[in-house]
Amino acid sequence: MAMSVARFWRKIPQRYNLVGTTCTRCGQCFFPPRSFCPDCRRAGNIVDYRFSGKGTVVTHTVIRTASEQFEQMTPYVLAIVKLDEGPRITAQLVCAPDEVRIGMRVRPVFRKIAADGKSGVIYYGTKYAPAE
Amino acid sequence: MRDVAVIGTGCTTFGEKWNSSFRNLFVEAGILALEDAGVAGEQIDGLYVGNMSAGRFVEQEHIGALIADYAGLASHHIPATRVEAACASGGLSFRQAVIAVASGMEDIVVAAGVEKMTDVASGASVDALAGAADREWEGFVGATFPGLYAMIATDYMNRYPLTREQLAQVAVKNHYNGARNPIAQFRQEISIDTVIKSSLVADPLRLFDCSPITDGAAAVVLAPLERAREFTDTPIKVLASAQASDTITLHDRRDISTLDATVAAGRRAFAASGLSTTDIDLVEVHDCFTIAEICAIEDLGFCRKGEAGRMTWEGATALNGDIPVNTSGGLKACGHPVGATGIKQVFEVVQQLRGEAGKRQVEGAEIGMTHNVGGTGATVAVHILGV
């Protein structure tokens, strides 16, 4: 489903540059960013934090039946990646389906994610590639 | 709080119902439930309807009033409320109705669920269902719903002894039950081969590991237990109603292969009823994918983590097993009209406890449980019902 330009634009720092947040009171890092620390709650102090993007594959799948926006990209590898700073994220991996392994080290790469048809907005973001 | 009883139930057949519209589905189930309860429309004090995404599936919002209207109740102006929690919408609708009756605010209350999913192309329905997860941080990057459960399966099979055949047995068992259920979408038995030779949807899950796209509606009528016998000789008591939430994304969970919301809701239901797993005669669990049934059996406490595959393979969850699971055929074989599923689970348990389940009757069933999951486990509703 198409999203408005503003909705995508608002998240560009996060999707392009992996800008999340951290709580300076407890040191936890959040990606995607949270504006409220679940542990320190109102006593917490949230500031921006740029992630290195390096991480490890926790679990994975190969998507063979996708929603309309991703139909032409199947099969593609999807994984949960644990970033070195702590949080886990869901992301596409830039590798062959038989290449992905639990525990595999990955690094971020800037890629096209999807597009709204032939004349609509092109969405860019971060995918992950094998780091070794 | 007052004790609450189910006094009537109704359910449409489940399937690709090309001849039925969203509103016709609901009216059909509602009339069946009211007839079963011997209740007239004007006696209804409140209506709750579980519906995930009529906005996406039929471009219709404002479901509560629409349904009350087409049920012929517009002139009675009854309170009608839509309840939404993705695939757990039905379970939460039931719980809202239980709370309304238990509190004394309302007496005769209808809890319903409805979903019309086949009026959009399958790609659009896959996209709508992905809204049950995090649109910005799961759906945006290409995560589908089967893909998220597939990542649970990958994690689970890496950590626990679950074979491909054991996982397939969940679907085989549920199709066996579905073949004996007149409302089921798929009324034929399948073999292990059917499952493991079907096409891959999201590795390791194959087509026959997945519940289908389904149209359907279900409704139940609730009353205070003290008034239940005015309407029926076989009231079914609501022994516990529990609900829990967790992180919206799968990746933020404490443990990818454990639905902590299931654990929490299950514990709350057992604590509220004073019962334990050994008291339960049958359970309807949320098997949107085969791996989900494996996790549910364990997370509700029917066995330890890692044992549900072997338990399923050995027949303990079959109709004649120690703890029959998904006697209706589950979401896999009975079908999964998302908003209706939680109510259909109650419909099935009530039929079993009344001894009206025909060829899939669990002999002597007196206490049954339902387990309804929204998303990948961000919402869970658990209910215990008894004669």
# chains A, B, ... in the order shown; residues from 1 in each chain; ligands from 1
>>> interface_residues(of="chain B", to="chain A", cutoff="10 Å", atoms="only C-alpha atoms", output="mmCIF file with N, CA and C atoms, in the first residue's frame")
data_model
loop_
_atom_site.group_PDB
_atom_site.id
_atom_site.type_symbol
_atom_site.label_atom_id
_atom_site.label_comp_id
_atom_site.auth_asym_id
_atom_site.auth_seq_id
_atom_site.Cartn_x
_atom_site.Cartn_y
_atom_site.Cartn_z
ATOM 1 N N ALA B 121 -7.704 -9.433 -3.938
ATOM 2 C CA ALA B 121 -6.740 -10.390 -4.492
ATOM 3 C C ALA B 121 -5.825 -10.881 -3.377
ATOM 4 N N SER B 122 -5.211 -12.050 -3.577
ATOM 5 C CA SER B 122 -4.474 -12.657 -2.476
ATOM 6 C C SER B 122 -3.278 -11.796 -2.056
ATOM 7 N N GLY B 123 -2.628 -11.088 -2.993
ATOM 8 C CA GLY B 123 -1.518 -10.213 -2.621
ATOM 9 C C GLY B 123 -1.971 -9.114 -1.671
ATOM 10 N N ALA B 124 -3.174 -8.596 -1.915
ATOM 11 C CA ALA B 124 -3.712 -7.542 -1.055
ATOM 12 C C ALA B 124 -4.066 -8.095 0.318
ATOM 13 N N SER B 125 -4.539 -9.341 0.372
ATOM 14 C CA SER B 125 -4.871 -9.903 1.684
ATOM 15 C C SER B 125 -3.594 -10.210 2.466
ATOM 16 N N VAL B 126 -2.545 -10.668 1.785
ATOM 17 C CA VAL B 126 -1.251 -10.886 2.455
ATOM 18 C C VAL B 126 -0.769 -9.573 3.069
ATOM 19 N N ASP B 127 -0.926 -8.478 2.320
ATOM 20 C CA ASP B 127 -0.493 -7.170 2.799
ATOM 21 C C ASP B 127 -1.341 -6.703 3.981
ATOM 22 N N ALA B 128 -2.650 -6.931 3.905
ATOM 23 C CA ALA B 128 -3.526 -6.536 5.020
ATOM 24 C C ALA B 128 -3.155 -7.310 6.278
ATOM 25 N N LEU B 129 -2.906 -8.609 6.121
ATOM 26 C CA LEU B 129 -2.562 -9.440 7.288
ATOM 27 C C LEU B 129 -1.225 -9.018 7.885
ATOM 28 N N ALA B 130 -0.313 -8.522 7.032
ATOM 29 C CA ALA B 130 0.989 -8.076 7.539
ATOM 30 C C ALA B 130 0.820 -6.908 8.505
ATOM 31 N N GLU B 136 5.901 -0.523 10.098
ATOM 32 C CA GLU B 136 7.098 0.276 9.819
ATOM 33 C C GLU B 136 8.380 -0.539 9.850
ATOM 34 N N TRP B 137 8.474 -1.532 10.751
ATOM 35 C CA TRP B 137 9.760 -2.191 10.976
ATOM 36 C C TRP B 137 9.740 -3.684 10.707
ATOM 37 N N GLU B 138 8.612 -4.225 10.249
ATOM 38 C CA GLU B 138 8.571 -5.610 9.780
ATOM 39 C C GLU B 138 8.016 -5.629 8.351
ATOM 40 N N GLY B 139 6.775 -5.138 8.198
ATOM 41 C CA GLY B 139 6.151 -5.128 6.879
ATOM 42 C C GLY B 139 6.921 -4.314 5.860
ATOM 43 N N PHE B 140 7.446 -3.164 6.254
ATOM 44 C CA PHE B 140 8.151 -2.263 5.333
ATOM 45 C C PHE B 140 9.336 -2.935 4.642
ATOM 46 N N VAL B 141 10.032 -3.805 5.381
ATOM 47 C CA VAL B 141 11.226 -4.433 4.799
ATOM 48 C C VAL B 141 10.904 -5.740 4.074
ATOM 49 N N GLY B 142 9.618 -6.098 4.000
ATOM 50 C CA GLY B 142 9.251 -7.274 3.212
ATOM 51 C C GLY B 142 8.887 -8.497 4.028
ATOM 52 N N ALA B 143 8.664 -8.304 5.343
ATOM 53 C CA ALA B 143 8.237 -9.428 6.179
ATOM 54 C C ALA B 143 6.765 -9.720 5.908
ATOM 55 N N THR B 144 6.460 -10.951 5.588
ATOM 56 C CA THR B 144 5.066 -11.390 5.492
ATOM 57 C C THR B 144 4.720 -12.102 6.789
ATOM 58 N N PHE B 145 3.455 -12.397 6.961
ATOM 59 C CA PHE B 145 3.057 -13.105 8.169
ATOM 60 C C PHE B 145 3.622 -14.515 8.223
ATOM 61 N N PRO B 146 3.497 -15.291 7.124
ATOM 62 C CA PRO B 146 4.147 -16.615 7.133
ATOM 63 C C PRO B 146 5.652 -16.489 7.358
ATOM 64 N N GLY B 147 6.260 -15.409 6.846
ATOM 65 C CA GLY B 147 7.695 -15.221 7.005
ATOM 66 C C GLY B 147 8.088 -15.062 8.464
ATOM 67 N N LEU B 148 7.277 -14.341 9.233
ATOM 68 C CA LEU B 148 7.583 -14.149 10.650
ATOM 69 C C LEU B 148 7.472 -15.468 11.406
ATOM 70 N N TYR B 149 6.385 -16.214 11.144
ATOM 71 C CA TYR B 149 6.262 -17.522 11.815
ATOM 72 C C TYR B 149 7.340 -18.487 11.329
ATOM 73 N N ALA B 150 7.764 -18.335 10.079
ATOM 74 C CA ALA B 150 8.857 -19.175 9.576
ATOM 75 C C ALA B 150 10.129 -18.903 10.360
ATOM 76 N N MET B 151 10.338 -17.657 10.755
ATOM 77 C CA MET B 151 11.541 -17.346 11.540
ATOM 78 C C MET B 151 11.432 -17.922 12.959
ATOM 79 N N ILE B 152 10.202 -18.033 13.474
ATOM 80 C CA ILE B 152 10.024 -18.756 14.744
ATOM 81 C C ILE B 152 10.409 -20.219 14.529
ATOM 82 N N ALA B 153 9.936 -20.802 13.407
ATOM 83 C CA ALA B 153 10.215 -22.220 13.137
ATOM 84 C C ALA B 153 11.713 -22.470 12.984
ATOM 85 N N THR B 154 12.413 -21.573 12.278
ATOM 86 C CA THR B 154 13.863 -21.737 12.098
ATOM 87 C C THR B 154 14.573 -21.716 13.447
ATOM 88 N N ASP B 155 14.191 -20.750 14.286
ATOM 89 C CA ASP B 155 14.796 -20.634 15.614
ATOM 90 C C ASP B 155 14.489 -21.878 16.446
ATOM 91 N N TYR B 156 13.212 -22.290 16.412
ATOM 92 C CA TYR B 156 12.774 -23.435 17.226
ATOM 93 C C TYR B 156 13.524 -24.702 16.818
ATOM 94 N N ASN B 158 16.270 -25.026 15.405
ATOM 95 C CA ASN B 158 17.705 -24.939 15.704
ATOM 96 C C ASN B 158 17.988 -25.264 17.168
ATOM 97 N N SER B 199 4.325 -26.688 -1.842
ATOM 98 C CA SER B 199 5.301 -25.667 -2.208
ATOM 99 C C SER B 199 5.735 -24.859 -0.986
ATOM 100 N N LEU B 200 6.978 -24.394 -1.019
ATOM 101 C CA LEU B 200 7.496 -23.559 0.060
ATOM 102 C C LEU B 200 6.846 -22.178 -0.012
ATOM 103 N N VAL B 201 6.407 -21.674 1.145
ATOM 104 C CA VAL B 201 5.868 -20.313 1.238
ATOM 105 C C VAL B 201 6.926 -19.399 1.843
ATOM 106 N N ALA B 202 7.465 -19.820 2.979
ATOM 107 C CA ALA B 202 8.571 -19.119 3.658
ATOM 108 C C ALA B 202 9.329 -20.202 4.420
ATOM 109 N N ASP B 203 10.521 -20.509 3.981
ATOM 110 C CA ASP B 203 11.268 -21.657 4.516
ATOM 111 C C ASP B 203 11.370 -21.582 6.039
ATOM 112 N N PRO B 204 11.122 -22.638 6.778
ATOM 113 C CA PRO B 204 10.801 -23.986 6.307
ATOM 114 C C PRO B 204 9.301 -24.248 6.130
ATOM 115 N N LEU B 205 8.458 -23.235 6.227
ATOM 116 C CA LEU B 205 7.010 -23.468 6.161
ATOM 117 C C LEU B 205 6.547 -23.623 4.719
ATOM 118 N N ARG B 206 5.731 -24.650 4.517
ATOM 119 C CA ARG B 206 5.152 -24.931 3.203
ATOM 120 C C ARG B 206 3.666 -24.605 3.210
ATOM 121 N N LEU B 207 3.065 -24.684 2.042
ATOM 122 C CA LEU B 207 1.655 -24.299 1.910
ATOM 123 C C LEU B 207 0.773 -24.986 2.951
ATOM 124 N N THR B 249 6.598 -6.355 17.703
ATOM 125 C CA THR B 249 7.479 -7.058 16.764
ATOM 126 C C THR B 249 7.954 -8.384 17.342
ATOM 127 N N LEU B 250 8.185 -9.322 16.426
ATOM 128 C CA LEU B 250 8.763 -10.609 16.823
ATOM 129 C C LEU B 250 10.195 -10.415 17.318
ATOM 130 N N HIS B 251 10.955 -9.526 16.626
ATOM 131 C CA HIS B 251 12.377 -9.416 16.966
ATOM 132 C C HIS B 251 12.627 -8.854 18.360
ATOM 133 N N ASP B 252 11.656 -8.163 18.945
ATOM 134 C CA ASP B 252 11.841 -7.610 20.290
ATOM 135 C C ASP B 252 11.466 -8.582 21.409
ATOM 136 N N ARG B 253 10.989 -9.776 21.071
ATOM 137 C CA ARG B 253 10.581 -10.716 22.128
ATOM 138 C C ARG B 253 11.773 -11.206 22.947
ATOM 139 N N ILE B 256 12.448 -15.799 20.896
ATOM 140 C CA ILE B 256 11.739 -15.865 19.615
ATOM 141 C C ILE B 256 10.740 -17.029 19.580
#
>>> residues_around(residues="Gly86 in chain A", least_positions_apart="6", cutoff="12 Å", atoms="only C-alpha atoms", output="PyMOL selection string")
(chain A and resi 20-22+27-32+51-56) or (chain B and resi 251-252)
>>> residues_around(residues="range 340-342 of chain B", least_positions_apart="6", cutoff="8 Å", atoms="only C-alpha atoms", output="list of chain:residue names")
B:Gly50, B:Asn51, B:Cys87, B:Ala88, B:Ser89, B:Gly90, B:Gly91, B:Leu92, B:Phe94, B:Ala112, B:Gly113, B:Val114, B:Glu115, B:Gly216, B:Ala217, B:Ala218, B:Leu331, B:Thr370, B:His371, B:Asn372
>>> select_by_dssp(residues="range 65-100 of chain A", states="strand (DSSP E)", output="PyMOL selection string")
chain A and resi 76-83+88-93
>>> closest_atom_pairs(of="range 181-274 of chain B", to="range 353-359 of chain B", cutoff="12 Å", atoms="only C-alpha atoms", output="JSON lines")
{"residue": "B:Asn181", "atom": "CA", "partner": "B:Lys359", "partner_atom": "CA", "distance": 7.8}
{"residue": "B:Pro182", "atom": "CA", "partner": "B:Gly358", "partner_atom": "CA", "distance": 9.6}
{"residue": "B:Ile183", "atom": "CA", "partner": "B:Ala357", "partner_atom": "CA", "distance": 11.4}
{"residue": "B:Thr232", "atom": "CA", "partner": "B:Arg354", "partner_atom": "CA", "distance": 11.3}
{"residue": "B:Asp233", "atom": "CA", "partner": "B:Arg354", "partner_atom": "CA", "distance": 10.0}
{"residue": "B:Thr234", "atom": "CA", "partner": "B:Arg354", "partner_atom": "CA", "distance": 6.7}
{"residue": "B:Pro235", "atom": "CA", "partner": "B:Arg354", "partner_atom": "CA", "distance": 8.6}
{"residue": "B:Ile236", "atom": "CA", "partner": "B:Leu353", "partner_atom": "CA", "distance": 7.5}
{"residue": "B:Lys237", "atom": "CA", "partner": "B:Leu353", "partner_atom": "CA", "distance": 10.1}
{"residue": "B:Val238", "atom": "CA", "partner": "B:Leu353", "partner_atom": "CA", "distance": 11.9}
>>> closest_residue(among="A:Val121, A:Val100, A:Val19, A:Ala131", to="Val5 in chain A", atoms="only C-alpha atoms")
A:Val121
